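Raw upload-v3.cif, mmCIF, C-alpha atoms:
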data_protein
loop_
_atom_site.label_atom_id
_atom_site.label_comp_id
_atom_site.auth_asym_id
_atom_site.auth_seq_id
_atom_site.Cartn_x
_atom_site.Cartn_y
_atom_site.Cartn_z
CA MET A 1 3.07 -2.64 30.17
CA THR A 2 6.79 -1.90 30.03
CA MET A 3 8.15 1.40 28.76
CA LEU A 4 9.21 1.36 25.11
CA THR A 5 12.88 2.33 25.36
CA SER A 6 15.47 2.31 22.61
CA GLU A 7 17.00 -0.82 24.16
CA ARG A 8 13.71 -2.67 24.21
CA LEU A 9 12.94 -1.55 20.68
CA ALA A 10 16.30 -2.81 19.42
CA ALA A 11 15.50 -6.19 20.93
CA LEU A 12 12.24 -6.43 19.01
CA ALA A 13 13.73 -6.45 15.52
CA ASP A 14 17.39 -7.02 14.65
CA PRO A 15 17.81 -6.90 10.86
CA ASP A 16 21.48 -7.80 11.13
CA THR A 17 20.88 -11.16 12.78
CA GLY A 18 17.46 -11.81 11.24
CA ASP A 19 15.81 -12.19 14.67
CA VAL A 20 12.38 -10.58 15.10
CA SER A 21 10.18 -10.73 18.19
CA ALA A 22 6.58 -11.83 17.72
CA ALA A 23 5.62 -8.98 20.06
CA ILE A 24 5.81 -6.49 17.17
CA TYR A 25 2.47 -7.88 15.99
CA THR A 26 0.58 -7.64 19.28
CA ASP A 27 2.08 -4.99 21.56
CA GLU A 28 -0.30 -2.03 21.83
CA GLU A 29 2.51 0.27 22.97
CA VAL A 30 4.47 -0.60 19.85
CA TYR A 31 1.38 0.07 17.74
CA ARG A 32 0.74 3.50 19.29
CA ARG A 33 4.39 4.37 18.69
CA GLU A 34 4.02 3.31 15.03
CA LEU A 35 1.18 5.78 14.49
CA ASP A 36 3.45 8.66 15.48
CA ALA A 37 6.89 7.50 14.36
CA ILE A 38 5.96 5.83 11.06
CA PHE A 39 2.57 6.95 9.80
CA ARG A 40 3.00 10.64 10.72
CA THR A 41 6.40 10.83 9.03
CA SER A 42 6.14 8.65 5.89
CA TRP A 43 4.51 9.24 2.53
CA LEU A 44 1.15 7.41 2.43
CA PHE A 45 -0.96 6.48 -0.59
CA LEU A 46 -4.38 8.18 -0.73
CA GLY A 47 -5.82 7.32 -4.13
CA HIS A 48 -5.57 8.00 -7.84
CA GLU A 49 -6.14 11.17 -9.82
CA SER A 50 -8.66 9.35 -12.01
CA GLN A 51 -10.95 9.45 -8.96
CA LEU A 52 -10.86 13.27 -9.17
CA ARG A 53 -11.63 14.13 -12.79
CA LYS A 54 -13.27 17.54 -12.32
CA ALA A 55 -13.44 20.39 -9.83
CA GLY A 56 -15.44 19.46 -6.76
CA ASP A 57 -14.77 15.74 -7.06
CA PHE A 58 -13.74 14.27 -3.74
CA PHE A 59 -13.13 11.03 -1.90
CA THR A 60 -12.39 10.25 1.72
CA SER A 61 -9.39 8.16 2.68
CA TYR A 62 -7.19 7.43 5.67
CA MET A 63 -3.67 8.16 6.78
CA ALA A 64 -3.34 5.35 9.32
CA GLU A 65 -6.36 5.98 11.59
CA ASP A 66 -6.79 9.63 10.60
CA SER A 67 -9.63 10.20 8.16
CA VAL A 68 -8.89 12.74 5.42
CA VAL A 69 -10.87 14.39 2.65
CA VAL A 70 -9.14 14.57 -0.75
CA THR A 71 -10.52 17.01 -3.34
CA ARG A 72 -9.99 18.43 -6.78
CA ASN A 73 -10.16 22.09 -5.88
CA ARG A 74 -11.40 24.95 -8.04
CA THR A 75 -7.93 25.77 -9.38
CA GLY A 76 -7.46 22.19 -10.57
CA GLY A 77 -5.06 21.22 -7.80
CA ILE A 78 -5.46 18.44 -5.27
CA SER A 79 -6.07 19.27 -1.63
CA ALA A 80 -6.30 17.06 1.44
CA PHE A 81 -7.40 17.94 4.96
CA LEU A 82 -8.19 16.16 8.19
CA ASN A 83 -11.79 14.97 8.20
CA VAL A 84 -12.46 16.37 11.66
CA CYS A 85 -14.73 19.33 12.36
CA ARG A 86 -12.99 21.90 14.55
CA HIS A 87 -16.13 22.33 16.66
CA ARG A 88 -16.72 18.93 18.30
CA GLY A 89 -14.64 16.50 16.25
CA MET A 90 -17.37 15.04 14.06
CA LYS A 91 -16.42 14.00 10.53
CA ILE A 92 -16.76 16.92 8.16
CA CYS A 93 -17.64 14.57 5.30
CA ARG A 94 -19.34 11.22 5.88
CA ALA A 95 -19.61 10.22 2.21
CA GLU A 96 -16.94 8.04 0.59
CA LEU A 97 -16.90 9.96 -2.71
CA GLY A 98 -18.84 12.39 -4.84
CA ASN A 99 -18.85 15.95 -6.11
CA ALA A 100 -19.50 18.94 -3.87
CA ARG A 101 -19.18 22.69 -3.63
CA ALA A 102 -18.69 22.54 0.12
CA PHE A 103 -18.96 20.16 3.07
CA GLN A 104 -21.27 20.63 6.04
CA CYS A 105 -20.76 18.86 9.35
CA THR A 106 -23.96 16.99 10.21
CA TYR A 107 -23.63 17.71 13.94
CA HIS A 108 -23.85 21.50 14.20
CA GLY A 109 -23.67 22.63 10.59
CA TRP A 110 -20.20 24.11 10.32
CA SER A 111 -19.44 24.38 6.59
CA TYR A 112 -16.06 23.93 4.90
CA GLY A 113 -14.75 24.64 1.40
CA LEU A 114 -12.94 22.29 -0.99
CA GLU A 115 -9.59 23.13 0.60
CA GLY A 116 -10.83 22.76 4.17
CA ASP A 117 -11.34 26.46 4.78
CA LEU A 118 -14.19 27.25 7.19
CA LYS A 119 -16.91 29.03 5.23
CA ALA A 120 -19.84 29.46 7.62
CA VAL A 121 -20.91 28.80 11.22
CA PRO A 122 -24.56 28.85 12.35
CA ASN A 123 -25.16 31.59 14.96
CA GLN A 124 -21.66 32.89 14.41
CA GLU A 125 -22.45 36.09 16.29
CA ALA A 126 -22.73 34.08 19.53
CA TYR A 127 -19.00 33.32 19.38
CA GLY A 128 -18.13 36.96 19.94
CA PRO A 129 -16.35 39.64 17.89
CA ASP A 130 -12.93 37.96 18.09
CA PHE A 131 -14.09 34.75 16.42
CA ALA A 132 -12.54 34.44 12.94
CA LEU A 133 -13.42 31.73 10.45
CA GLU A 134 -9.85 31.47 9.21
CA ASP A 135 -8.68 30.48 12.70
CA TRP A 136 -10.83 27.33 12.70
CA ALA A 137 -10.21 25.82 9.27
CA ALA A 138 -9.84 22.06 8.98
CA ILE A 139 -6.29 20.85 9.61
CA PRO A 140 -4.60 20.68 6.18
CA VAL A 141 -2.34 17.82 5.13
CA PRO A 142 0.78 19.90 4.48
CA ARG A 143 2.37 17.78 1.74
CA VAL A 144 0.32 16.26 -1.11
CA GLU A 145 2.10 15.12 -4.27
CA SER A 146 1.30 12.91 -7.25
CA TYR A 147 3.50 10.52 -9.15
CA LYS A 148 2.02 9.71 -12.56
CA GLY A 149 -1.50 9.89 -11.17
CA MET A 150 -0.74 8.19 -7.84
CA ILE A 151 -1.61 10.54 -4.96
CA PHE A 152 0.53 10.37 -1.83
CA ALA A 153 0.57 12.63 1.22
CA THR A 154 2.49 13.10 4.45
CA TRP A 155 2.06 15.07 7.66
CA ASN A 156 5.84 15.53 7.74
CA THR A 157 6.77 19.00 6.50
CA ASP A 158 10.43 18.01 6.49
CA ALA A 159 9.93 14.87 4.37
CA VAL A 160 11.92 14.48 1.16
CA ASP A 161 9.99 15.00 -2.06
CA LEU A 162 7.81 12.08 -3.12
CA ILE A 163 10.00 11.14 -6.08
CA ASP A 164 12.99 10.88 -3.76
CA TYR A 165 11.01 8.83 -1.27
CA LEU A 166 9.92 6.38 -3.96
CA GLY A 167 13.55 6.05 -4.99
CA GLU A 168 14.34 2.93 -7.00
CA SER A 169 10.85 1.51 -6.45
CA ALA A 170 9.49 4.02 -8.99
CA TYR A 171 11.22 1.99 -11.69
CA TYR A 172 9.09 -1.05 -10.83
CA LEU A 173 5.92 0.93 -10.23
CA ASP A 174 6.24 2.40 -13.73
CA GLY A 175 5.89 -1.13 -15.11
CA VAL A 176 2.25 -1.04 -13.99
CA ILE A 177 1.21 2.62 -14.12
CA ASP A 178 3.15 3.86 -17.16
CA ARG A 179 3.23 0.93 -19.61
CA LEU A 180 1.61 2.80 -22.49
CA PRO A 181 0.98 6.39 -23.57
CA GLY A 182 -1.84 7.90 -21.54
CA GLY A 183 -0.77 6.28 -18.30
CA SER A 184 -3.20 4.47 -16.07
CA GLU A 185 -6.43 4.79 -14.14
CA VAL A 186 -8.26 2.90 -11.43
CA PHE A 187 -11.27 0.95 -12.63
CA GLY A 188 -14.28 -0.59 -10.91
CA GLY A 189 -14.29 1.22 -7.57
CA ILE A 190 -12.63 0.28 -4.28
CA HIS A 191 -13.10 -3.03 -2.52
CA LYS A 192 -12.78 -2.76 1.26
CA TRP A 193 -12.64 -5.51 3.84
CA VAL A 194 -11.34 -6.18 7.35
CA ILE A 195 -8.74 -8.77 8.39
CA ASP A 196 -7.86 -9.48 12.00
CA CYS A 197 -4.09 -9.14 11.69
CA ASN A 198 -1.28 -6.67 12.18
CA TRP A 199 -0.59 -4.30 9.27
CA LYS A 200 3.05 -5.37 8.99
CA MET A 201 2.16 -8.95 8.03
CA PRO A 202 0.80 -8.16 4.54
CA ALA A 203 3.13 -5.20 3.97
CA GLU A 204 6.19 -7.33 4.69
CA GLN A 205 4.87 -10.28 2.67
CA PHE A 206 4.32 -8.16 -0.42
CA ALA A 207 7.82 -6.71 0.00
CA SER A 208 9.70 -9.95 0.38
CA ASP A 209 7.80 -13.21 0.41
CA MET A 210 7.61 -15.21 -2.81
CA TYR A 211 8.62 -18.16 -0.61
CA HIS A 212 5.10 -18.75 0.74
CA ALA A 213 3.42 -19.08 -2.65
CA ALA A 214 4.45 -22.67 -3.38
CA THR A 215 2.90 -23.82 -0.09
CA SER A 216 0.08 -21.41 0.74
CA HIS A 217 -1.28 -21.04 -2.79
CA VAL A 218 -0.66 -24.54 -4.15
CA SER A 219 -4.37 -25.45 -4.40
CA ALA A 220 -5.38 -22.08 -5.87
CA ILE A 221 -2.63 -22.31 -8.47
CA ALA A 222 -3.39 -25.95 -9.26
CA VAL A 223 -6.98 -25.27 -10.34
CA ASN A 224 -5.67 -22.87 -12.99
CA LEU A 225 -3.03 -25.19 -14.46
CA PRO A 226 -3.39 -27.33 -17.59
CA GLU A 227 -3.81 -31.07 -16.97
CA ASP A 228 -0.40 -31.93 -18.47
CA PHE A 229 1.52 -29.47 -16.24
CA ASP A 230 4.51 -31.08 -14.51
CA PRO A 231 5.16 -29.33 -11.16
CA LEU A 232 8.52 -31.04 -10.78
CA LYS A 233 9.77 -29.29 -13.91
CA HIS A 234 7.93 -26.02 -13.64
CA GLY A 235 7.33 -25.44 -9.91
CA LEU A 236 7.78 -21.98 -8.45
CA ASP A 237 10.99 -23.01 -6.71
CA GLN A 238 12.47 -24.08 -10.04
CA ARG A 239 12.23 -20.62 -11.60
CA ASP A 240 14.90 -17.93 -11.50
CA GLY A 241 13.98 -14.62 -9.98
CA VAL A 242 15.16 -11.48 -8.24
CA GLN A 243 14.29 -9.75 -5.00
CA TYR A 244 14.95 -6.00 -4.76
CA TRP A 245 14.90 -3.49 -1.93
CA SER A 246 15.77 0.14 -1.24
CA ASP A 247 17.04 2.14 1.72
CA GLU A 248 13.57 3.62 2.27
CA GLY A 249 12.22 0.19 3.25
CA HIS A 250 10.53 -0.60 -0.07
CA GLY A 251 10.92 -4.00 -1.70
CA GLY A 252 9.56 -6.58 -4.10
CA GLY A 253 10.31 -9.64 -6.18
CA TYR A 254 9.63 -11.16 -9.57
CA PHE A 255 10.53 -14.13 -11.77
CA LEU A 256 12.90 -13.56 -14.66
CA ALA A 257 11.44 -13.75 -18.15
CA ASP A 258 12.37 -12.99 -21.74
CA LYS A 259 8.80 -12.26 -22.77
CA PRO A 260 5.51 -11.55 -21.01
CA ASN A 261 4.22 -14.51 -19.00
CA PRO A 262 0.91 -13.28 -17.54
CA ALA A 263 -0.39 -14.78 -14.31
CA ILE A 264 -2.40 -17.95 -14.88
CA TRP A 265 -5.42 -16.62 -12.98
CA LEU A 266 -5.88 -13.60 -15.23
CA HIS A 267 -8.90 -13.31 -17.52
CA PRO A 268 -7.97 -14.47 -21.08
CA ARG A 269 -8.72 -11.03 -22.51
CA ALA A 270 -6.31 -9.42 -20.01
CA LYS A 271 -3.57 -11.92 -20.91
CA GLU A 272 -4.14 -11.18 -24.58
CA TRP A 273 -3.80 -7.44 -23.94
CA LEU A 274 -0.51 -7.79 -22.06
CA ILE A 275 0.97 -9.90 -24.85
CA SER A 276 -0.38 -7.86 -27.75
CA THR A 277 0.90 -4.57 -26.30
CA TYR A 278 4.31 -5.95 -25.34
CA GLU A 279 6.24 -4.31 -28.16
CA GLU A 280 4.73 -0.92 -27.42
CA ALA A 281 5.46 -1.34 -23.72
CA GLU A 282 9.01 -2.47 -24.52
CA ALA A 283 9.63 0.65 -26.58
CA ARG A 284 8.43 2.78 -23.65
CA LEU A 285 9.90 0.92 -20.68
CA GLY A 286 12.63 -1.30 -22.07
CA ALA A 287 12.60 -5.07 -22.38
CA HIS A 288 13.31 -5.73 -18.70
CA ARG A 289 10.18 -4.10 -17.31
CA ALA A 290 7.95 -4.91 -20.26
CA ALA A 291 8.61 -8.64 -19.92
CA HIS A 292 8.19 -8.81 -16.15
CA VAL A 293 4.43 -8.44 -15.91
CA SER A 294 4.11 -10.23 -12.58
CA GLY A 295 5.59 -9.68 -9.15
CA HIS A 296 4.93 -8.52 -5.59
CA ASN A 297 5.86 -5.08 -4.24
CA THR A 298 5.54 -2.78 -1.21
CA ILE A 299 6.28 0.90 -0.78
CA PHE A 300 6.98 1.38 2.93
CA PRO A 301 5.01 1.43 5.07
CA ASN A 302 1.65 0.12 3.82
CA PHE A 303 1.12 0.49 0.04
CA SER A 304 1.47 -2.67 -2.07
CA TRP A 305 0.78 -3.89 -5.57
CA LEU A 306 0.88 -7.02 -7.69
CA ALA A 307 2.09 -6.41 -11.22
CA GLY A 308 0.19 -8.31 -13.90
CA THR A 309 -2.77 -8.91 -11.61
CA ASN A 310 -2.93 -5.10 -11.46
CA THR A 311 -4.21 -4.86 -7.93
CA ILE A 312 -2.98 -1.97 -5.79
CA ARG A 313 -3.86 -1.81 -2.13
CA VAL A 314 -3.37 -0.09 1.21
CA TRP A 315 -3.21 -1.93 4.54
CA HIS A 316 -4.91 0.63 6.80
CA PRO A 317 -4.05 -0.10 10.46
CA ARG A 318 -6.98 -0.42 12.84
CA GLY A 319 -5.18 -1.35 16.02
CA ALA A 320 -2.39 -3.80 16.72
CA GLY A 321 -4.52 -6.72 15.56
CA LYS A 322 -6.74 -5.44 12.76
CA ILE A 323 -6.42 -3.90 9.30
CA GLU A 324 -8.83 -2.53 6.74
CA VAL A 325 -7.76 -3.49 3.22
CA TRP A 326 -8.55 -1.07 0.41
CA ALA A 327 -7.93 -2.51 -3.06
CA TRP A 328 -8.22 -0.99 -6.51
CA THR A 329 -7.73 -2.47 -9.98
CA ILE A 330 -5.38 -0.31 -12.05
CA VAL A 331 -5.45 -0.47 -15.85
CA ASP A 332 -3.95 1.21 -18.91
CA SER A 333 -6.08 4.28 -19.60
CA GLY A 334 -6.04 3.62 -23.33
CA ALA A 335 -7.24 0.02 -23.04
CA PRO A 336 -10.69 -0.88 -24.44
CA ALA A 337 -13.52 -1.14 -21.93
CA ASP A 338 -13.68 -4.92 -22.18
CA VAL A 339 -9.97 -5.20 -21.37
CA LYS A 340 -10.35 -2.97 -18.32
CA ASN A 341 -13.25 -5.10 -17.15
CA ALA A 342 -11.22 -8.26 -17.78
CA PHE A 343 -8.47 -7.00 -15.47
CA ARG A 344 -11.10 -6.15 -12.87
CA LYS A 345 -12.54 -9.66 -13.01
CA GLY A 346 -9.12 -11.30 -12.87
CA SER A 347 -8.04 -9.14 -9.95
CA LEU A 348 -11.19 -9.96 -8.00
CA ARG A 349 -10.99 -13.65 -8.85
CA ALA A 350 -7.51 -13.96 -7.41
CA PHE A 351 -7.08 -11.11 -4.91
CA GLY A 352 -10.52 -9.73 -4.14
CA PRO A 353 -11.97 -10.21 -0.64
CA SER A 354 -13.06 -13.75 -1.61
CA GLY A 355 -10.27 -14.32 -4.14
CA LEU A 356 -8.67 -17.71 -4.60
CA LEU A 357 -5.27 -16.52 -3.36
CA GLU A 358 -6.39 -13.69 -1.09
CA GLN A 359 -8.25 -16.14 1.15
CA ASP A 360 -5.04 -18.14 1.63
CA ASP A 361 -3.13 -15.05 2.73
CA GLY A 362 -5.89 -13.78 4.99
CA GLU A 363 -6.21 -17.11 6.76
CA ASN A 364 -2.46 -17.23 7.41
CA TRP A 365 -2.39 -13.71 8.84
CA VAL A 366 -5.45 -14.24 11.04
CA GLU A 367 -4.07 -17.48 12.45
CA ILE A 368 -0.70 -15.85 13.18
CA GLN A 369 -2.45 -13.02 15.02
CA LYS A 370 -4.44 -15.49 17.10
CA THR A 371 -1.35 -17.54 17.90
CA MET A 372 0.66 -14.52 19.00
CA GLN A 373 -1.85 -13.65 21.76
CA GLY A 374 -0.33 -16.25 24.09
CA SER A 375 2.03 -15.09 26.83
CA VAL A 376 4.83 -17.38 25.69
CA SER A 377 4.03 -16.88 22.01
CA ARG A 378 4.53 -13.11 22.31
CA ASP A 379 8.05 -13.74 23.58
CA THR A 380 8.93 -16.03 20.68
CA THR A 381 11.80 -15.05 18.40
CA LEU A 382 10.93 -15.47 14.72
CA CYS A 383 13.51 -16.49 12.10
CA TYR A 384 14.20 -13.97 9.31
CA ARG A 385 17.53 -15.52 8.35
CA MET A 386 16.80 -16.85 4.86
CA ALA A 387 19.70 -15.87 2.55
CA LEU A 388 21.27 -13.86 5.38
CA ASP A 389 24.75 -14.20 3.89
CA ALA A 390 23.77 -14.17 0.21
CA PRO A 391 25.76 -11.78 -2.01
CA ILE A 392 24.10 -8.42 -2.68
CA ARG A 393 24.47 -6.44 -5.88
CA ARG A 394 23.07 -3.30 -7.42
CA SER A 395 20.50 -3.72 -10.18
CA GLU A 396 21.82 -2.66 -13.58
CA HIS A 397 18.26 -1.61 -14.41
CA SER A 398 16.95 0.29 -11.37
CA GLY A 399 19.93 0.75 -9.11
CA ALA A 400 18.10 -1.01 -6.25
CA HIS A 401 19.77 -3.62 -4.08
CA GLU A 402 19.23 -7.13 -5.45
CA GLY A 403 19.55 -10.69 -4.19
CA PRO A 404 17.90 -14.11 -4.37
CA LEU A 405 14.15 -14.15 -4.94
CA PHE A 406 13.59 -16.70 -2.18
CA SER A 407 14.97 -14.64 0.64
CA ASP A 408 14.12 -12.66 3.79
CA THR A 409 16.43 -9.83 2.76
CA ALA A 410 13.75 -7.33 1.74
CA ALA A 411 11.84 -8.18 4.92
CA ARG A 412 14.94 -7.53 7.03
CA ASN A 413 15.34 -4.25 5.16
CA PHE A 414 11.67 -3.43 5.87
CA TYR A 415 12.36 -3.87 9.58
CA ARG A 416 15.60 -1.93 9.36
CA ARG A 417 13.60 1.07 8.18
CA TRP A 418 10.89 0.31 10.76
CA SER A 419 13.45 0.20 13.58
CA ALA A 420 15.13 3.42 12.46
CA LEU A 421 11.87 5.36 12.47
CA MET A 422 10.57 3.75 15.66
CA GLY A 423 13.80 4.57 17.47
CA SER A 424 13.82 8.21 16.47
CA GLY A 425 13.48 10.36 19.58
CA LEU A 426 13.68 7.47 22.06
CA ALA A 427 16.19 7.66 24.89
#
Would you kindly transcribe this structure into structure tokens?
Amino acid sequence: MTMLTSERLAALADPDTGDVSAAIYTDEEVYRRELDAIFRTSWLFLGHESQLRKAGDFFTSYMAEDSVVVTRNRTGGISAFLNVCRHRGMKICRAELGNARAFQCTYHGWSYGLEGDLKAVPNQEAYGPDFALEDWAAIPVPRVESYKGMIFATWNTDAVDLIDYLGESAYYLDGVIDRLPGGSEVFGGIHKWVIDCNWKMPAEQFASDMYHAATSHVSAIAVNLPEDFDPLKHGLDQRDGVQYWSDEGHGGGYFLADKPNPAIWLHPRAKEWLISTYEEAEARLGAHRAAHVSGHNTIFPNFSWLAGTNTIRVWHPRGAGKIEVWAWTIVDSGAPADVKNAFRKGSLRAFGPSGLLEQDDGENWVEIQKTMQGSVSRDTTLCYRMALDAPIRRSEHSGAHEGPLFSDTAARNFYRRWSALMGSGLA
């Protein structure tokens, strides 16, 4: 394996020309560098505050391949610490969620508090008089912040505040998580599944790629259309839309609309809710966000959501060629129970592990990963030149960069951020 130098890295992804090497999906050295340069420095999504309603509530999550425990501590704050016992490296907590007063490692019984502090060690006297519990606490995640219930964390003590990291993307995220008074909550648990692909494939697609929908999802969309629908008049490529992106690597896209036009695969009760609450949402968010109840989005590096469908997800990396998808359904907290359940059903029907559209995406990503294993395939240059010279403007609504919806611009911006972080510290 060749050494990853700044020159070699620059050759892997050139956002100015739109040329990207297929090796970024398969190279293990690139992947190991990503864990340090990207996932240890960026803000990463952990979960939602509605999963931690009272003191002692906890869930386990991941920051890339590092398992972490996230708790509602006794003072009402949120804590996160590395899920690694300081004795022999066993997980401190092996449960996915629950309520606890403390956590005990199942290997040798070391016990930790809700903030990761070491509380007790069996046969502590055998460690000698200089052994101090406070010296062997779990490794804390130094920065944990919430944005309207969305919990993010970073290992980077020098990172900008979360609100600054979200930047212009917060404007679009608000359209899902802050539509109505009372905010939002996750509903129906977490669906988790494994896909044999590189993490950047779905993250980049959700940031930039409306282009694939008319081809990849044509059969899934067709089964939801009325019999008199004329695709020549109303096809995806006939609709006006906007792609946006920010300097932090975030991006997304949506079709333009004057009123809510819920996704065709949503449950009827969910569609009814979006339409019936439009005026209230408009008063809170403005007409622009209230009307655009569909769209794809990514917050760099690996948190994505689909507005309207109300699925939020993390693409947890599990090596250069594997991800673990974690997906939640997010709903208005004040919605009736049947509406929340309707969103859950619609989200699963379209973008659950066996969803009509999710299967299309997963098959594409898996086949790409297989194809890129070839010696010649890994050296292939991929074309990210769509709308390379298109005019760029600033959104009058969010301040984000904007351009044509059918474009690779947000993807090129994704890789601009990727390259900047990957190159940091390289000779």
The PyMOL selection byres ((chain A and resi 106-122) around 10) applied to the shown file, residues as a short mmCIF file (atom, residue, chain, number, x, y, z; two decimals) with C-alpha atoms, in the frame of the given file:
data_model
loop_
_atom_site.label_atom_id
_atom_site.label_comp_id
_atom_site.auth_asym_id
_atom_site.auth_seq_id
_atom_site.Cartn_x
_atom_site.Cartn_y
_atom_site.Cartn_z
CA ALA A 55 -13.44 20.39 -9.83
CA GLY A 56 -15.44 19.46 -6.76
CA ASP A 57 -14.77 15.74 -7.06
CA PHE A 58 -13.74 14.27 -3.74
CA VAL A 69 -10.87 14.39 2.65
CA VAL A 70 -9.14 14.57 -0.75
CA THR A 71 -10.52 17.01 -3.34
CA ARG A 72 -9.99 18.43 -6.78
CA ASN A 73 -10.16 22.09 -5.88
CA ARG A 74 -11.40 24.95 -8.04
CA GLY A 77 -5.06 21.22 -7.80
CA ILE A 78 -5.46 18.44 -5.27
CA SER A 79 -6.07 19.27 -1.63
CA ALA A 80 -6.30 17.06 1.44
CA PHE A 81 -7.40 17.94 4.96
CA LEU A 82 -8.19 16.16 8.19
CA ASN A 83 -11.79 14.97 8.20
CA VAL A 84 -12.46 16.37 11.66
CA CYS A 85 -14.73 19.33 12.36
CA ARG A 86 -12.99 21.90 14.55
CA HIS A 87 -16.13 22.33 16.66
CA ARG A 88 -16.72 18.93 18.30
CA GLY A 89 -14.64 16.50 16.25
CA MET A 90 -17.37 15.04 14.06
CA LYS A 91 -16.42 14.00 10.53
CA ILE A 92 -16.76 16.92 8.16
CA CYS A 93 -17.64 14.57 5.30
CA ARG A 94 -19.34 11.22 5.88
CA ALA A 100 -19.50 18.94 -3.87
CA ARG A 101 -19.18 22.69 -3.63
CA ALA A 102 -18.69 22.54 0.12
CA PHE A 103 -18.96 20.16 3.07
CA GLN A 104 -21.27 20.63 6.04
CA CYS A 105 -20.76 18.86 9.35
CA ASN A 123 -25.16 31.59 14.96
CA GLN A 124 -21.66 32.89 14.41
CA GLU A 125 -22.45 36.09 16.29
CA ALA A 126 -22.73 34.08 19.53
CA TYR A 127 -19.00 33.32 19.38
CA ALA A 132 -12.54 34.44 12.94
CA LEU A 133 -13.42 31.73 10.45
CA GLU A 134 -9.85 31.47 9.21
CA ASP A 135 -8.68 30.48 12.70
CA TRP A 136 -10.83 27.33 12.70
CA ALA A 137 -10.21 25.82 9.27
CA ALA A 138 -9.84 22.06 8.98
CA ILE A 139 -6.29 20.85 9.61
CA PRO A 140 -4.60 20.68 6.18
CA VAL A 141 -2.34 17.82 5.13
#
Residues near range 188-191 of chain A, cut-off 6 Å, all atoms listed in the file, skip fewer than 3 positions along chain, as an MDAnalysis selection string: chainID A and resid 326:328
Give me, as an mmCIF file with C-alpha atoms, in the frame of the given file, all polymer residues having an atom no more than 8 Å from range 161-170 of chain A, counting only C-alpha atoms and skipping those fewer than 5 positions away in the same chain.
data_model
loop_
_atom_site.group_PDB
_atom_site.id
_atom_site.type_symbol
_atom_site.label_atom_id
_atom_site.label_comp_id
_atom_site.auth_asym_id
_atom_site.auth_seq_id
_atom_site.Cartn_x
_atom_site.Cartn_y
_atom_site.Cartn_z
ATOM 1 C CA TRP A 43 4.510 9.240 2.530
ATOM 2 C CA GLU A 145 2.100 15.120 -4.270
ATOM 3 C CA SER A 146 1.300 12.910 -7.250
ATOM 4 C CA TYR A 147 3.500 10.520 -9.150
ATOM 5 C CA PHE A 152 0.530 10.370 -1.830
ATOM 6 C CA TRP A 245 14.900 -3.490 -1.930
ATOM 7 C CA SER A 246 15.770 0.140 -1.240
ATOM 8 C CA GLU A 248 13.570 3.620 2.270
ATOM 9 C CA HIS A 250 10.530 -0.600 -0.070
ATOM 10 C CA GLY A 251 10.920 -4.000 -1.700
ATOM 11 C CA ILE A 299 6.280 0.900 -0.780
ATOM 12 C CA SER A 398 16.950 0.290 -11.370
ATOM 13 C CA GLY A 399 19.930 0.750 -9.110
ATOM 14 C CA ALA A 400 18.100 -1.010 -6.250
#
10 Å contact set for Glu204 in chain A, all atoms listed in the file, chain neighbours under 5 positions out, as a PyMOL selection string: chain A and resi 199+209+249-252+297-302+304+408+410-415
Suppose we keep C-alpha atoms; can you now write the selection as an mmCIF file, in the coordinates of the input?
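Full text of part-v3.cif as output:
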data_model
loop_
_atom_site.group_PDB
_atom_site.id
_atom_site.type_symbol
_atom_site.label_atom_id
_atom_site.label_comp_id
_atom_site.auth_asym_id
_atom_site.auth_seq_id
_atom_site.Cartn_x
_atom_site.Cartn_y
_atom_site.Cartn_z
ATOM 1 C CA TRP A 199 -0.590 -4.300 9.270
ATOM 2 C CA ASP A 209 7.800 -13.210 0.410
ATOM 3 C CA GLY A 249 12.220 0.190 3.250
ATOM 4 C CA HIS A 250 10.530 -0.600 -0.070
ATOM 5 C CA GLY A 251 10.920 -4.000 -1.700
ATOM 6 C CA GLY A 252 9.560 -6.580 -4.100
ATOM 7 C CA ASN A 297 5.860 -5.080 -4.240
ATOM 8 C CA THR A 298 5.540 -2.780 -1.210
ATOM 9 C CA ILE A 299 6.280 0.900 -0.780
ATOM 10 C CA PHE A 300 6.980 1.380 2.930
ATOM 11 C CA PRO A 301 5.010 1.430 5.070
ATOM 12 C CA ASN A 302 1.650 0.120 3.820
ATOM 13 C CA SER A 304 1.470 -2.670 -2.070
ATOM 14 C CA ASP A 408 14.120 -12.660 3.790
ATOM 15 C CA ALA A 410 13.750 -7.330 1.740
ATOM 16 C CA ALA A 411 11.840 -8.180 4.920
ATOM 17 C CA ARG A 412 14.940 -7.530 7.030
ATOM 18 C CA ASN A 413 15.340 -4.250 5.160
ATOM 19 C CA PHE A 414 11.670 -3.430 5.870
ATOM 20 C CA TYR A 415 12.360 -3.870 9.580
#
Evaluate the PyMOL selection byres ((chain A and resi 3-18) around 7) on the structure here and hand back the selected residues as a compact mmCIF listing (two decimals) with C-alpha atoms, in the coordinates of the input.
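Full text of result28.txt as output:
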# COMPACT_ATOMS: atom_id res chain seq x y z
CA MET A 1 3.07 -2.64 30.17
CA THR A 2 6.79 -1.90 30.03
CA ASP A 19 15.81 -12.19 14.67
CA VAL A 20 12.38 -10.58 15.10
CA SER A 21 10.18 -10.73 18.19
CA ILE A 24 5.81 -6.49 17.17
CA CYS A 383 13.51 -16.49 12.10
CA TYR A 384 14.20 -13.97 9.31
CA ARG A 385 17.53 -15.52 8.35
CA ARG A 412 14.94 -7.53 7.03
CA ASN A 413 15.34 -4.25 5.16
CA TYR A 415 12.36 -3.87 9.58
CA ARG A 416 15.60 -1.93 9.36
CA SER A 419 13.45 0.20 13.58
CA GLY A 423 13.80 4.57 17.47
CA LEU A 426 13.68 7.47 22.06
CA ALA A 427 16.19 7.66 24.89
